[in-house]
Amino acid sequence: MNTAANASSTSVASAVTWSEGLGVPDYMNAVGQAARAAATLMAAASTGGKNAALLALARQIRAHAGELKARNASDIANAEKNGLAEPMVDRLRLTDKVIETMAESCEQVAALPDPVGEITNVRRRPTGISVGQMRVPIGVFGMIYESRPNVTIEAASLAIKSGNACVLRGGSEAIHSNLALWKLVQAALAESNLPTNAVQLVQTTDRAAVGQLIAMPQFVDVIIPRGGKGLIERISAEAKVPVIKHLDGNCHTYVDEVVDLALAVKVTDNAKTQKYSPCNATESLLVHAAQAAAFLPLIGKVFADKGVEMRADARAKAILADVPGAKVVDATEQDWYEEYLAPVIAVKVVDSLDEAIAHINQYGSHHTDSILTTNQPNSMRFIREVDSASVMINASTRFADGFEYGLGAEIGISTDKFHARGPVGLEGLTSMKFVVLGQGEVRT
């Protein structure tokens with residue numbers, strides 16, 4: 001198959017353009033048709049062609065950094081004018097560092113092995129046939145997300161490398177940033193003779209477009225929502241196609257009975273304060289009673305200096321109350337469930353590893369949880385028994401990220417147990433089909 005020629009014939013196909021006269025149903029139907037057609041070509045695209053598009057995209061991002069920041073400034077100004085919550089505004093910003101990270105992530109994805117077409121688990125059967133499994137693209141995925149415009153590039157780069165087509169619907173607060181980024185994606189695809197409709201951005205902020213996108217199983221194979229709990233709950237309830245999701249990120253750091261105190265302070269500080277708004281920031285701190293008197297004053301001083309409010313149980317509060325400048329309040333039952341996305345942390349003293357594990361499994365969101373310990377059997381129990389998508393030993397929960405895991409980029413975090421779990425990268429955007437290799441065998 002001449003993949004390059006086939007892709008080239010469609011790369012110049014006109015993008016579906018939104019207009020008020022077209023109407024949301026007709027517009028989204030046209031977007032879906034274009035995505036399905038592009039997915040067929042992307043599934044057959046060569047690794048070299050896909051990598052060329054990713055490297056072209058990285059160049060485009062760097063070359064247009066000034067324009068991206070100018071477009072983003074419009075979104076920031078509108079967001080602040082409209083009273084958008086500060087964590088959302090923070091996620092919206094395209095700083096020089098964020099722009100460079102987007103470019104680097106494209107290059108990292110390009111450097112990853114191409115999973116498409118890989119055949120594994122081949123077994124020869126007594127009948128003479130050989131049975132294996134081949135990794136193939138899912139087809140078309142829809143991505144619905146809020147605030148973070150860098151998700152546009154993460155989703156696009158993973159769609160390209162995994163041989164999928166995608167339909168992206170960002171939040172209205174980021175529309176100027178997302179449109180600017182999408183145009184760069186289209187330019188990179190065209191430069192590499194791949195179908196430009198492989199990555200489409202919904203150009204209207206009309207919310208009816210979301211309802212249409214999640215109800216088109218004839219065009220869309222899976223929906224991936226990435227945003228607030230309310231958005232994800234709505235998508236999960238109303239979607240007529242499968243959904244890969246996580247609802248919230250109540251991540252825990254547990255300080256065990258035996259621990260390196262300096263390590264524990266450093267890691268806990270990073271897990272909570274390196275950035276408050278991500279879903280992998282620690283929201284709940286559990287401390288073994290044997291370490292509470294030694295550890296809590298140390299971390300309490302760090303949190304006091306950084307203005308972090310501590311919502312503590314009675315035992316933790318009694319210790320933290322003596323920390324100068326510490327803001328300590330009584331924790332309620334709801335605090336153990338809470339995802340703050342702010343300089344607030346729940347703190348509880350526990351009497352055993354068993355209690356810590358039980359607390360995490362009851363109150364946590366099954367996202368990311370970490371144990372800080374020098375006891376190897378305890379660390380092994382923790383990672384076996386904590387029912388979360390990512391479990392860690394002596395590391396900050398902030399590492400729960402596709403880029404940090406070496407996936408190049410992530411489409412989101414999944415706390416589901418079927419198909420994909422944890423950061424969803426290339427393999428999470430593929431499926432497996434059985435292949436049978438024979439030499440004329442017939443069944444008797």
# chains A, B, ... in the order shown; residues from 1 in each chain; ligands from 1

$ closest_atom_pairs --of "region 330-362 of chain A" --to "region 77-96 of chain A" --cutoff "12 Å" --atoms "only C-alpha atoms" --output "JSON lines"
{"residue": "A:Tyr340", "atom": "CA", "partner": "A:Pro87", "partner_atom": "CA", "distance": 10.0}
{"residue": "A:Leu341", "atom": "CA", "partner": "A:Pro87", "partner_atom": "CA", "distance": 6.8}
{"residue": "A:Ala342", "atom": "CA", "partner": "A:Pro87", "partner_atom": "CA", "distance": 7.3}
{"residue": "A:Pro343", "atom": "CA", "partner": "A:Pro87", "partner_atom": "CA", "distance": 10.5}

$ write_last_selection --atoms "N, CA and C atoms" --output "JSON list (two decimals), in the first residue's frame"
[["chain", "number", "residue", "atom", "x", "y", "z"],
["A", 340, "TYR", "N", -8.95, 19.67, 46.90],
["A", 340, "TYR", "CA", -8.97, 21.11, 47.15],
["A", 340, "TYR", "C", -8.50, 21.93, 45.94],
["A", 341, "LEU", "N", -7.47, 21.46, 45.25],
["A", 341, "LEU", "CA", -6.86, 22.23, 44.16],
["A", 341, "LEU", "C", -6.47, 23.63, 44.65],
["A", 342, "ALA", "N", -5.99, 23.69, 45.88],
["A", 342, "ALA", "CA", -5.72, 24.97, 46.55],
["A", 342, "ALA", "C", -4.74, 24.71, 47.69],
["A", 343, "PRO", "N", -4.20, 25.77, 48.31],
["A", 343, "PRO", "CA", -3.28, 25.58, 49.44],
["A", 343, "PRO", "C", -4.00, 25.16, 50.72]]

$ residues_around --residues "region 30-35 of chain A" --least-positions-apart "5" --cutoff "12 Å" --atoms "only C-alpha atoms" --output "JSON, numbers by chain"
{"A": [10, 11, 13, 14, 15, 16, 17, 18, 22, 23, 24, 25, 40, 41, 42, 139, 140, 141, 142, 159, 164, 165, 166, 167, 168, 169, 195, 196, 197, 198, 199, 200, 201, 202, 203, 204, 209, 212, 213, 214, 215, 216, 217, 218, 219, 220, 221]}

$ closest_residue --among "A:Gly402, A:Gly211, A:Gly249, A:Pro297" --to "Gly228 (chain A)" --atoms "only C-alpha atoms"
A:Gly249

$ closest_residue --among "A:Thr415, A:Ser46, A:Thr332, A:Ser431" --to "Leu247 (chain A)" --atoms "only C-alpha atoms"
A:Thr415

$ select_by_dssp --residues "region 298-378 of chain A" --states "strand (DSSP E)" --output "PyMOL selection string"
chain A and resi 309-312+328-330+344-350+368-372

$ residues_around --residues "Gly428 (chain A)" --least-positions-apart "6" --cutoff "10 Å" --atoms "only C-alpha atoms" --output "compact mmCIF listing (two decimals) with all heavy atoms, in the first residue's frame"
# COMPACT_ATOMS: atom_id res chain seq x y z
N PRO A 137 -5.14 1.04 16.07
CA PRO A 137 -5.76 2.26 16.60
C PRO A 137 -7.22 2.02 17.00
O PRO A 137 -7.90 1.18 16.42
CB PRO A 137 -5.68 3.24 15.42
CG PRO A 137 -4.61 2.69 14.53
CD PRO A 137 -4.66 1.21 14.68
N ILE A 138 -7.69 2.79 17.97
CA ILE A 138 -9.10 2.74 18.35
C ILE A 138 -9.97 3.25 17.21
O ILE A 138 -11.03 2.71 16.93
CB ILE A 138 -9.34 3.56 19.63
CG1 ILE A 138 -8.81 2.80 20.85
CG2 ILE A 138 -10.81 3.87 19.83
CD1 ILE A 138 -8.95 3.54 22.16
N LEU A 158 -0.67 12.57 20.51
CA LEU A 158 -0.95 11.17 20.76
C LEU A 158 -1.86 10.57 19.70
O LEU A 158 -1.71 9.41 19.32
CB LEU A 158 -1.56 11.00 22.15
CG LEU A 158 -0.59 11.22 23.32
CD1 LEU A 158 -1.32 11.20 24.64
CD2 LEU A 158 0.52 10.18 23.31
N SER A 162 -0.53 7.43 17.46
CA SER A 162 -1.29 6.18 17.62
C SER A 162 -2.15 5.85 16.41
O SER A 162 -2.86 4.84 16.41
CB SER A 162 -2.17 6.25 18.87
OG SER A 162 -3.11 7.31 18.77
N ILE A 244 -13.47 7.13 28.92
CA ILE A 244 -12.27 6.91 29.74
C ILE A 244 -12.11 8.14 30.61
O ILE A 244 -12.01 9.26 30.10
CB ILE A 244 -11.02 6.71 28.86
CG1 ILE A 244 -11.16 5.46 27.99
CG2 ILE A 244 -9.77 6.60 29.73
CD1 ILE A 244 -10.02 5.25 27.01
N GLU A 410 0.15 12.67 27.72
CA GLU A 410 -0.98 11.84 28.15
C GLU A 410 -2.27 12.48 27.67
O GLU A 410 -2.36 13.70 27.51
CB GLU A 410 -1.02 11.70 29.67
CG GLU A 410 -1.37 12.99 30.38
CD GLU A 410 -1.45 12.85 31.88
OE1 GLU A 410 -0.63 12.11 32.46
OE2 GLU A 410 -2.33 13.50 32.47
N ILE A 411 -3.24 11.66 27.43
CA ILE A 411 -4.55 12.14 27.04
C ILE A 411 -5.40 12.42 28.27
O ILE A 411 -6.42 13.08 28.22
CB ILE A 411 -5.23 11.09 26.13
CG1 ILE A 411 -6.26 11.76 25.21
CG2 ILE A 411 -5.84 9.97 26.92
CD1 ILE A 411 -5.64 12.56 24.12
N GLY A 412 -4.94 11.92 29.42
CA GLY A 412 -5.65 12.10 30.68
C GLY A 412 -5.27 10.98 31.63
O GLY A 412 -4.43 10.13 31.31
N SER A 414 -6.82 7.85 33.88
CA SER A 414 -7.99 6.99 34.03
C SER A 414 -7.94 6.27 35.37
O SER A 414 -6.93 5.66 35.72
CB SER A 414 -8.04 5.96 32.90
OG SER A 414 -9.06 5.01 33.14
N HIS A 419 -9.72 -1.44 30.10
CA HIS A 419 -9.02 -0.88 28.94
C HIS A 419 -7.79 -0.08 29.33
O HIS A 419 -6.69 -0.43 28.94
CB HIS A 419 -9.93 -0.05 28.04
CG HIS A 419 -9.21 0.49 26.85
ND1 HIS A 419 -8.78 -0.33 25.84
CD2 HIS A 419 -8.81 1.74 26.52
CE1 HIS A 419 -8.14 0.39 24.93
NE2 HIS A 419 -8.15 1.65 25.32
N ALA A 420 -7.95 1.02 30.05
CA ALA A 420 -6.79 1.86 30.37
C ALA A 420 -6.90 2.31 31.82
O ALA A 420 -7.98 2.63 32.31
CB ALA A 420 -6.74 3.06 29.44
N ARG A 421 -5.75 2.37 32.50
CA ARG A 421 -5.71 2.81 33.90
C ARG A 421 -4.45 3.63 34.12
O ARG A 421 -3.38 3.28 33.63
CB ARG A 421 -5.72 1.60 34.84
CG ARG A 421 -6.06 1.96 36.29
CD ARG A 421 -6.10 0.71 37.16
NE ARG A 421 -6.69 1.00 38.47
CZ ARG A 421 -6.66 0.19 39.51
NH1 ARG A 421 -6.07 -1.01 39.38
NH2 ARG A 421 -7.22 0.51 40.65
N GLY A 422 -4.58 4.73 34.86
CA GLY A 422 -3.45 5.62 35.07
C GLY A 422 -3.31 6.58 33.89
O GLY A 422 -4.25 6.81 33.13

$ closest_residue --among "A:Ala409, A:Val328, A:Val386, A:Val241" --to "His359 (chain A)" --atoms "only C-alpha atoms"
A:Val386

$ closest_residue --among "A:Glu67, A:Asp369, A:Asp401, A:Asp351" --to "Leu184 (chain A)" --atoms "only C-alpha atoms"
A:Glu67

$ closest_residue --among "A:Ser19, A:Ser105, A:Asn72, A:Thr127" --to "Pro149 (chain A)" --atoms "only C-alpha atoms"
A:Asn72

$ atom_distance --atom1 "CA of Ala190 (chain A)" --atom2 "CA of Tyr145 (chain A)"
25.2 Å

$ residues_around --residues "Ser130 (chain A)" --least-positions-apart "4" --cutoff "9 Å" --atoms "only C-alpha atoms" --output "ChimeraX atom specification"
/A:122-125,435-438

$ write_last_selection --atoms "N, CA, C and O atoms" --output "PDB file, in the first residue's frame"
ATOM      1  N   VAL A 122       2.167 -14.578  20.292  1.00  0.00           N
ATOM      2  CA  VAL A 122       1.914 -15.578  19.247  1.00  0.00           C
ATOM      3  C   VAL A 122       2.135 -16.975  19.816  1.00  0.00           C
ATOM      4  O   VAL A 122       3.187 -17.270  20.408  1.00  0.00           O
ATOM      5  N   ARG A 123       1.126 -17.822  19.657  1.00  0.00           N
ATOM      6  CA  ARG A 123       1.205 -19.196  20.171  1.00  0.00           C
ATOM      7  C   ARG A 123       0.798 -20.157  19.058  1.00  0.00           C
ATOM      8  O   ARG A 123      -0.234 -19.955  18.390  1.00  0.00           O
ATOM      9  N   ARG A 124       1.582 -21.193  18.883  1.00  0.00           N
ATOM     10  CA  ARG A 124       1.247 -22.202  17.882  1.00  0.00           C
ATOM     11  C   ARG A 124       0.304 -23.222  18.498  1.00  0.00           C
ATOM     12  O   ARG A 124       0.541 -23.743  19.586  1.00  0.00           O
ATOM     13  N   ARG A 125      -0.801 -23.498  17.822  1.00  0.00           N
ATOM     14  CA  ARG A 125      -1.807 -24.422  18.304  1.00  0.00           C
ATOM     15  C   ARG A 125      -1.578 -25.817  17.723  1.00  0.00           C
ATOM     16  O   ARG A 125      -0.929 -25.982  16.678  1.00  0.00           O
ATOM     17  N   VAL A 435      -5.029 -12.132  15.509  1.00  0.00           N
ATOM     18  CA  VAL A 435      -4.608 -12.491  14.149  1.00  0.00           C
ATOM     19  C   VAL A 435      -4.260 -13.972  14.143  1.00  0.00           C
ATOM     20  O   VAL A 435      -3.707 -14.506  15.121  1.00  0.00           O
ATOM     21  N   VAL A 436      -4.618 -14.628  13.088  1.00  0.00           N
ATOM     22  CA  VAL A 436      -4.354 -16.059  12.942  1.00  0.00           C
ATOM     23  C   VAL A 436      -3.478 -16.260  11.705  1.00  0.00           C
ATOM     24  O   VAL A 436      -3.807 -15.784  10.618  1.00  0.00           O
ATOM     25  N   LEU A 437      -2.378 -16.967  11.886  1.00  0.00           N
ATOM     26  CA  LEU A 437      -1.438 -17.242  10.802  1.00  0.00           C
ATOM     27  C   LEU A 437      -1.518 -18.729  10.460  1.00  0.00           C
ATOM     28  O   LEU A 437      -1.275 -19.584  11.317  1.00  0.00           O
ATOM     29  N   GLY A 438      -1.900 -19.010   9.248  1.00  0.00           N
ATOM     30  CA  GLY A 438      -2.056 -20.413   8.862  1.00  0.00           C
ATOM     31  C   GLY A 438      -1.353 -20.736   7.546  1.00  0.00           C
ATOM     32  O   GLY A 438      -0.842 -19.841   6.863  1.00  0.00           O
TER      33      GLY A 438
END

$ closest_atom_pairs --of "region 349-439 of chain A" --to "region 273-295 of chain A" --cutoff "12 Å" --atoms "only C-alpha atoms" --output "tab-separated table"
residue	atom	partner	partner_atom	distance
A:Val349	CA	A:Val287	CA	4.9
A:Val350	CA	A:His288	CA	5.0
A:Asp351	CA	A:Ala289	CA	5.3
A:Ser352	CA	A:His288	CA	6.3
A:Leu353	CA	A:His288	CA	7.7
A:Asp354	CA	A:His288	CA	10.6
A:Glu355	CA	A:His288	CA	9.3
A:Ala356	CA	A:Leu286	CA	6.8
A:Ile357	CA	A:Leu286	CA	9.9
A:Ala358	CA	A:Leu286	CA	11.5
A:His359	CA	A:Leu286	CA	9.0
A:Ile360	CA	A:Ser284	CA	9.1
A:Tyr363	CA	A:Ser284	CA	9.7
A:Gly364	CA	A:Ser284	CA	8.8
A:Ser365	CA	A:Cys279	CA	10.4
A:His366	CA	A:Asn280	CA	11.1
A:His367	CA	A:Asn280	CA	7.6
A:Thr368	CA	A:Asn280	CA	6.6
A:Asp369	CA	A:Thr282	CA	8.1
A:Ser370	CA	A:Thr282	CA	9.1
A:Ile371	CA	A:Leu286	CA	9.4
A:Leu372	CA	A:Val287	CA	9.7
A:Thr373	CA	A:His288	CA	10.5
A:Ala389	CA	A:Asn280	CA	11.3
A:Ser390	CA	A:Asn280	CA	9.9
A:Val391	CA	A:Asn280	CA	11.5
A:Ala395	CA	A:Thr282	CA	11.5
A:Ser396	CA	A:Thr282	CA	8.3
A:Thr397	CA	A:Asn280	CA	5.8
A:Arg398	CA	A:Asn280	CA	5.2
A:Phe399	CA	A:Asn280	CA	7.6
A:Ala400	CA	A:Asn280	CA	6.1
A:Asp401	CA	A:Asn280	CA	7.9
A:Gly402	CA	A:Asn280	CA	11.5
A:Glu404	CA	A:Asn280	CA	12.0
A:Gly412	CA	A:Cys279	CA	10.3
A:Ile413	CA	A:Cys279	CA	9.0
A:Ser414	CA	A:Cys279	CA	11.5
A:Thr415	CA	A:Cys279	CA	12.0
A:Gly422	CA	A:Asn280	CA	11.0
A:Pro423	CA	A:Asn280	CA	10.8

$ residues_around --residues "His64 (chain A)" --least-positions-apart "2" --cutoff "10 Å" --atoms "only C-alpha atoms" --output "PyMOL selection string"
chain A and resi 59-62+66-69+99+180-181+184

$ closest_residue --among "A:Gln376, A:Ser236, A:Thr205, A:Gln186" --to "Ala174 (chain A)" --atoms "only C-alpha atoms"
A:Thr205

$ residues_around --residues "Gly307 (chain A)" --least-positions-apart "4" --cutoff "9 Å" --atoms "only C-alpha atoms" --output "list of chain:residue names"
A:Val302, A:Phe303, A:Gly325, A:Ala326, A:Lys327, A:Pro343, A:Val344

$ write_last_selection --atoms "N, CA, C and O atoms" --output "mmCIF file, in the first residue's frame"
data_model
loop_
_atom_site.group_PDB
_atom_site.id
_atom_site.type_symbol
_atom_site.label_atom_id
_atom_site.label_comp_id
_atom_site.auth_asym_id
_atom_site.auth_seq_id
_atom_site.Cartn_x
_atom_site.Cartn_y
_atom_site.Cartn_z
ATOM 1 N N VAL A 302 6.801 24.142 57.260
ATOM 2 C CA VAL A 302 6.853 24.355 55.813
ATOM 3 C C VAL A 302 5.520 24.885 55.307
ATOM 4 O O VAL A 302 5.460 25.866 54.547
ATOM 5 N N PHE A 303 4.453 24.234 55.720
ATOM 6 C CA PHE A 303 3.126 24.654 55.260
ATOM 7 C C PHE A 303 2.763 26.042 55.796
ATOM 8 O O PHE A 303 2.133 26.849 55.092
ATOM 9 N N GLY A 325 2.660 30.389 63.422
ATOM 10 C CA GLY A 325 2.090 30.833 62.159
ATOM 11 C C GLY A 325 1.224 29.820 61.441
ATOM 12 O O GLY A 325 0.689 30.113 60.361
ATOM 13 N N ALA A 326 1.092 28.614 61.993
ATOM 14 C CA ALA A 326 0.328 27.577 61.306
ATOM 15 C C ALA A 326 -1.162 27.877 61.366
ATOM 16 O O ALA A 326 -1.685 28.284 62.406
ATOM 17 N N LYS A 327 -1.832 27.674 60.227
ATOM 18 C CA LYS A 327 -3.284 27.809 60.181
ATOM 19 C C LYS A 327 -3.865 26.411 60.239
ATOM 20 O O LYS A 327 -3.812 25.650 59.259
ATOM 21 N N PRO A 343 -4.201 25.768 48.312
ATOM 22 C CA PRO A 343 -3.279 25.583 49.441
ATOM 23 C C PRO A 343 -4.002 25.160 50.716
ATOM 24 O O PRO A 343 -4.031 25.869 51.720
ATOM 25 N N VAL A 344 -4.612 23.989 50.650
ATOM 26 C CA VAL A 344 -5.321 23.377 51.779
ATOM 27 C C VAL A 344 -4.993 21.891 51.757
ATOM 28 O O VAL A 344 -4.944 21.283 50.680
#

$ residues_around --residues "Ile119 (chain A)" --least-positions-apart "5" --cutoff "8 Å" --atoms "only C-alpha atoms" --output "list in words"
Gly132, Gln133, Met134 and Arg135 of chain A

$ write_last_selection --atoms "N, CA and C atoms" --output "PDB file, in the first residue's frame"
ATOM      1  N   GLY A 132      -2.069 -14.892  17.521  1.00  0.00           N
ATOM      2  CA  GLY A 132      -1.439 -13.779  18.230  1.00  0.00           C
ATOM      3  C   GLY A 132      -2.383 -12.606  18.328  1.00  0.00           C
ATOM      4  N   GLN A 133      -1.871 -11.490  18.810  1.00  0.00           N
ATOM      5  CA  GLN A 133      -2.661 -10.274  18.923  1.00  0.00           C
ATOM      6  C   GLN A 133      -1.907  -9.108  18.300  1.00  0.00           C
ATOM      7  N   MET A 134      -2.629  -8.301  17.540  1.00  0.00           N
ATOM      8  CA  MET A 134      -2.046  -7.124  16.883  1.00  0.00           C
ATOM      9  C   MET A 134      -2.630  -5.858  17.509  1.00  0.00           C
ATOM     10  N   ARG A 135      -1.754  -4.895  17.764  1.00  0.00           N
ATOM     11  CA  ARG A 135      -2.191  -3.616  18.325  1.00  0.00           C
ATOM     12  C   ARG A 135      -2.619  -2.692  17.185  1.00  0.00           C
TER      13      ARG A 135
END

$ atom_distance --atom1 "CA of Glu191 (chain A)" --atom2 "CA of Glu427 (chain A)"
25.8 Å

$ atom_distance --atom1 "CA of Asp75 (chain A)" --atom2 "CA of Glu173 (chain A)"
6.0 Å

$ select_by_dssp --residues "region 244-433 of chain A" --states "helix (DSSP H, G or I)" --output "number ranges by chain"
A: 261-273, 289-305, 314-320, 333-337, 353-363, 376-385, 397-399, 427-429

$ write_last_selection --atoms "C-alpha atoms" --output "tab-separated table (two decimals), in the first residue's frame"
chain	number	residue	atom	x	y	z
A	261	LEU	CA	12.38	12.41	58.09
A	262	ALA	CA	14.31	14.71	55.77
A	263	LEU	CA	13.09	12.73	52.76
A	264	ALA	CA	9.54	12.73	54.09
A	265	VAL	CA	9.48	16.53	54.53
A	266	LYS	CA	10.99	17.15	51.08
A	267	VAL	CA	8.63	14.79	49.26
A	268	THR	CA	5.48	15.85	51.12
A	269	ASP	CA	6.27	19.52	50.52
A	270	ASN	CA	6.70	18.88	46.79
A	271	ALA	CA	3.61	16.68	46.56
A	272	LYS	CA	1.44	19.46	48.00
A	273	THR	CA	3.04	22.81	47.12
A	289	ALA	CA	1.40	7.86	65.27
A	290	ALA	CA	5.00	6.79	65.88
A	291	GLN	CA	6.25	9.64	63.65
A	292	ALA	CA	3.62	12.29	64.31
A	293	ALA	CA	5.49	14.14	67.08
A	294	ALA	CA	8.68	14.30	65.00
A	295	PHE	CA	7.28	14.84	61.51
A	296	LEU	CA	4.25	17.09	61.91
A	297	PRO	CA	6.12	20.10	63.41
A	298	LEU	CA	8.59	19.94	60.51
A	299	ILE	CA	6.03	19.80	57.73
A	300	GLY	CA	3.75	22.15	59.68
A	301	LYS	CA	6.47	24.83	59.57
A	302	VAL	CA	6.85	24.36	55.81
A	303	PHE	CA	3.13	24.65	55.26
A	304	ALA	CA	2.86	27.65	57.61
A	305	ASP	CA	5.58	29.48	55.68
A	314	ALA	CA	-7.72	15.93	66.93
A	315	ARG	CA	-4.31	14.25	67.35
A	316	ALA	CA	-2.71	16.10	64.43
A	317	LYS	CA	-4.20	19.42	65.55
A	318	ALA	CA	-2.80	19.04	69.06
A	319	ILE	CA	0.72	18.80	67.61
A	320	LEU	CA	0.34	21.38	64.83
A	333	GLU	CA	-15.73	14.02	57.53
A	334	GLN	CA	-16.00	15.68	54.10
A	335	ASP	CA	-12.36	16.80	54.26
A	336	TRP	CA	-11.18	13.21	53.91
A	337	TYR	CA	-12.91	13.06	50.50
A	353	LEU	CA	-0.29	0.71	57.92
A	354	ASP	CA	-3.57	-1.22	57.88
A	355	GLU	CA	-5.46	1.91	58.95
A	356	ALA	CA	-3.67	4.02	56.34
A	357	ILE	CA	-4.52	1.60	53.53
A	358	ALA	CA	-8.13	1.30	54.66
A	359	HIS	CA	-8.48	5.09	54.86
A	360	ILE	CA	-7.05	5.61	51.37
A	361	ASN	CA	-9.26	2.93	49.83
A	362	GLN	CA	-12.36	4.35	51.53
A	363	TYR	CA	-11.87	8.08	51.01
A	376	GLN	CA	10.52	-2.59	52.46
A	377	PRO	CA	7.76	-5.08	53.41
A	378	ASN	CA	5.46	-2.15	54.24
A	379	SER	CA	6.16	-0.50	50.92
A	380	MET	CA	5.36	-3.73	49.06
A	381	ARG	CA	2.10	-4.14	50.99
A	382	PHE	CA	1.16	-0.56	50.20
A	383	ILE	CA	1.60	-0.84	46.44
A	384	ARG	CA	-0.22	-4.21	46.38
A	385	GLU	CA	-3.17	-3.27	48.54
A	397	THR	CA	2.48	12.15	43.80
A	398	ARG	CA	3.21	14.98	41.34
A	399	PHE	CA	5.06	12.40	39.19
A	427	GLU	CA	-1.13	2.15	24.21
A	428	GLY	CA	-4.27	3.48	25.90
A	429	LEU	CA	-5.38	4.82	22.52
